[in-house]
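Here's the structure, in C-alpha cells; my notes come after.
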Amino acid sequence: MRAGGRAALVVALTLGACRARTGDATSADAGPGAGLRAQAGALALPGCDVLLPTDVRELMLPGFSMREERACPTCGPLCAFRSTADADTSVSVAWDCNPRYTQADVHSLLAPTLRAGGTEVPALGRAAVRRAPAQGMLQVMTWDDDTPCALVVTWLGVDADRALDVARSTLGATTPALLATPPADAGEP
C-alpha cells in the first residue's frame, strides 16, 4: 500500500473510532461527513503543540515529525506523526473531550470495541481497549481518569505495540490545566 493510502487509512480509522465512541455513526450514516455532528457539551481543545508539548513528543516518539490534521466537529485535533527513519510507520492521536464521559459506565464505553474483537487493557486510564483493525495496525482507545477526554491512538507500521506507550504518555500529558487553554482560533470568527 502506498504511503498516502496508509495515511488515509489511519485518518479514516481514527475518525471512525471517534464516531463509534460517541455513538453518532450508524449504518444509515454512510455519506461524507457521516456521524460528524457536533455534540452538545463537547469541549474545544487547544492544538497539538499545546496538548503534546515538544518535550513529551521527543520522549514519546523520537525521530517522528508531527503535523496537525483537521479536527472533526466532535473531536479535538488529530496529531499525525510520521517516522523519519521508516516512511511506512505513522501514528495518530485524537482527542474527544465531553463532560458526559465522566458519568458514563466503563463497561458501556468498552462494549462496542469488545464486541468488534478488541481486548480490554488494564491499568490504562479509567478504561482502555485495543484492537487491530488491519494487519500491522494497532488502535488503542482510552478514557482519561482526571479529564473528561477519550483518546484514540492509531499506530500503523513496525512496532505497533508502541501504541500502548503512546496512549500512556498522552494520557499523562492531558491535564485539566491544558483543557483550560483556549484553542488557537478561539478569537477568530
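FYI, nothing fancy with the C-alpha cells labels: chains A, B, ... in order, residues from 1 per chain, ligands from 1 as they appear.
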Give me, as a compact mmCIF listing (two decimals) with N, CA and C atoms, in the first residue's frame, all polymer residues having an atom no more than 8 Å from region 127-137 of chain A, counting only C-alpha atoms and skipping those fewer than 2 positions away in the same chain.
# COMPACT_ATOMS: atom_id res chain seq x y z
N VAL A 106 -18.15 2.49 32.59
CA VAL A 106 -16.95 1.99 31.91
C VAL A 106 -17.29 0.85 30.95
N LEU A 109 -18.65 2.05 27.71
CA LEU A 109 -17.63 2.66 26.86
C LEU A 109 -16.85 1.59 26.08
N LEU A 110 -16.55 0.49 26.76
CA LEU A 110 -15.74 -0.57 26.16
C LEU A 110 -16.52 -1.50 25.24
N THR A 113 -16.23 -1.82 21.16
CA THR A 113 -14.94 -2.31 20.66
C THR A 113 -14.71 -3.76 21.08
N LEU A 114 -15.16 -4.13 22.26
CA LEU A 114 -15.03 -5.52 22.70
C LEU A 114 -15.85 -6.44 21.80
N GLY A 117 -14.18 -7.41 18.59
CA GLY A 117 -12.96 -8.21 18.67
C GLY A 117 -11.82 -7.57 19.43
N GLY A 118 -12.04 -6.43 20.04
CA GLY A 118 -11.00 -5.78 20.82
C GLY A 118 -10.79 -6.46 22.15
N THR A 119 -9.72 -6.09 22.83
CA THR A 119 -9.44 -6.62 24.16
C THR A 119 -9.21 -5.48 25.14
N GLU A 120 -9.67 -5.67 26.37
CA GLU A 120 -9.52 -4.64 27.39
C GLU A 120 -8.06 -4.54 27.80
N VAL A 121 -7.62 -3.30 28.07
CA VAL A 121 -6.26 -3.04 28.54
C VAL A 121 -6.36 -2.60 29.99
N PRO A 122 -5.82 -3.38 30.93
CA PRO A 122 -5.91 -3.00 32.33
C PRO A 122 -4.94 -1.86 32.67
N ALA A 123 -5.29 -1.11 33.70
CA ALA A 123 -4.42 -0.07 34.27
C ALA A 123 -3.98 1.00 33.27
N LEU A 124 -4.88 1.41 32.41
CA LEU A 124 -4.59 2.49 31.47
C LEU A 124 -5.77 3.44 31.49
N GLY A 125 -5.66 4.52 32.26
CA GLY A 125 -6.74 5.47 32.38
C GLY A 125 -7.93 4.87 33.12
N GLN A 139 -4.82 -0.03 17.31
CA GLN A 139 -5.56 1.15 17.75
C GLN A 139 -5.89 0.97 19.23
N VAL A 140 -5.56 1.99 20.02
CA VAL A 140 -5.83 1.97 21.45
C VAL A 140 -6.78 3.11 21.75
N MET A 141 -7.91 2.78 22.38
CA MET A 141 -8.88 3.79 22.80
C MET A 141 -8.90 3.77 24.33
N THR A 142 -8.78 4.95 24.93
CA THR A 142 -8.75 5.02 26.37
C THR A 142 -9.48 6.27 26.86
N TRP A 143 -10.02 6.17 28.05
CA TRP A 143 -10.74 7.28 28.67
C TRP A 143 -9.94 7.71 29.88
N ASP A 144 -9.64 8.99 29.94
CA ASP A 144 -8.81 9.57 31.00
C ASP A 144 -9.55 9.57 32.33
N THR A 154 -3.64 5.53 17.04
CA THR A 154 -3.59 4.56 15.95
C THR A 154 -2.16 4.47 15.45
N TRP A 155 -1.59 3.29 15.49
CA TRP A 155 -0.22 3.06 15.04
C TRP A 155 -0.27 2.16 13.82
N LEU A 156 0.37 2.58 12.75
CA LEU A 156 0.43 1.80 11.52
C LEU A 156 1.89 1.63 11.14
N GLY A 157 2.35 0.39 11.11
CA GLY A 157 3.74 0.13 10.74
C GLY A 157 4.43 -0.76 11.76
N VAL A 158 5.76 -0.73 11.73
CA VAL A 158 6.55 -1.58 12.62
C VAL A 158 6.39 -1.15 14.08
N ALA A 160 4.00 -1.86 16.29
CA ALA A 160 2.66 -1.34 16.57
C ALA A 160 2.30 -1.39 18.05
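Comparing A:Thr147, A:Thr181, A:Arg115, A:Leu52 by their smallest distance to Asp96 (chain A), the closest is A:Thr147 (using only C-alpha atoms).
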- request: Quote the spacing between CA of Thr102 (chain A) and CA of Pro148 (chain A) in Å to one decimal place.
  value: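 Pair CA of Thr102 (chain A) / CA of Pro148 (chain A) returns 5.5 Å.
Of note, CA of Arg126 (chain A) and CA of Pro176 (chain A) are spaced 15.0 Å apart.
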Show me, as a PDB file with N, CA and C atoms, in the first residue's frame, the residues that have an atom within 10 Å of Asp165 (chain A) when counting only C-alpha atoms, minus same-chain residues fewer than 4 positions from it.
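Contents of the output file selection-v1.pdb:
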ATOM      1  N   MET A  60       8.216  10.552  23.720  1.00  0.00           N
ATOM      2  CA  MET A  60       7.215   9.594  23.276  1.00  0.00           C
ATOM      3  C   MET A  60       7.549   9.019  21.897  1.00  0.00           C
ATOM      4  N   LEU A  61       7.897   9.884  20.958  1.00  0.00           N
ATOM      5  CA  LEU A  61       8.132   9.465  19.574  1.00  0.00           C
ATOM      6  C   LEU A  61       9.393  10.127  19.015  1.00  0.00           C
ATOM      7  N   LEU A 124      -4.882   1.413  32.413  1.00  0.00           N
ATOM      8  CA  LEU A 124      -4.591   2.490  31.469  1.00  0.00           C
ATOM      9  C   LEU A 124      -5.774   3.444  31.488  1.00  0.00           C
ATOM     10  N   VAL A 140      -5.558   1.986  20.020  1.00  0.00           N
ATOM     11  CA  VAL A 140      -5.827   1.970  21.452  1.00  0.00           C
ATOM     12  C   VAL A 140      -6.782   3.113  21.748  1.00  0.00           C
ATOM     13  N   VAL A 153      -5.368   6.356  19.858  1.00  0.00           N
ATOM     14  CA  VAL A 153      -4.018   6.298  19.297  1.00  0.00           C
ATOM     15  C   VAL A 153      -4.033   5.189  18.254  1.00  0.00           C
ATOM     16  N   ASP A 161       2.912  -2.289  18.824  1.00  0.00           N
ATOM     17  CA  ASP A 161       2.609  -2.346  20.258  1.00  0.00           C
ATOM     18  C   ASP A 161       3.037  -1.080  20.995  1.00  0.00           C
ATOM     19  N   SER A 169       1.571   7.859  27.575  1.00  0.00           N
ATOM     20  CA  SER A 169       2.218   9.176  27.628  1.00  0.00           C
ATOM     21  C   SER A 169       1.231  10.297  27.351  1.00  0.00           C
ATOM     22  N   THR A 170       0.345  10.075  26.384  1.00  0.00           N
ATOM     23  CA  THR A 170      -0.643  11.095  26.027  1.00  0.00           C
ATOM     24  C   THR A 170      -1.629  11.312  27.162  1.00  0.00           C
ATOM     25  N   LEU A 171      -2.048  10.234  27.817  1.00  0.00           N
ATOM     26  CA  LEU A 171      -2.935  10.374  28.974  1.00  0.00           C
ATOM     27  C   LEU A 171      -2.271  11.194  30.071  1.00  0.00           C
TER      28      LEU A 171
END
- prompt: Could you pull out the strand (DSSP E) residues of region 121-152 of chain A from DSSP and send them as a ChimeraX atom specification?
  reply: /A:127-131,137-143,149-152
field: Distance query Thr84 (chain A) at most 10 Å, only C-alpha atoms, self and fewer than 2 positions along chain excluded, as a list in words
entry: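 Contacts, in chain order: Pro62, Gly63, Phe64, Ser65, Phe81, Arg82, Asp86, Ala87, Asp88, Thr89 and Ser90 of chain A.
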Requested write-out: C-alpha atoms of the selected residues, as a short mmCIF file (atom, residue, chain, number, x, y, z; two decimals), in the first residue's frame:
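Heads up, here's the output in result.cif:
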data_model
loop_
_atom_site.label_atom_id
_atom_site.label_comp_id
_atom_site.auth_asym_id
_atom_site.auth_seq_id
_atom_site.Cartn_x
_atom_site.Cartn_y
_atom_site.Cartn_z
CA PRO A 62 11.79 10.33 18.96
CA GLY A 63 12.57 10.56 15.26
CA PHE A 64 8.99 11.37 14.25
CA SER A 65 7.75 14.57 12.62
CA PHE A 81 3.23 11.62 13.32
CA ARG A 82 5.46 10.11 10.66
CA ASP A 86 10.66 4.41 8.19
CA ALA A 87 8.23 6.12 5.81
CA ASP A 88 5.71 3.29 6.30
CA THR A 89 5.32 3.96 10.03
CA SER A 90 2.81 6.56 11.14
#
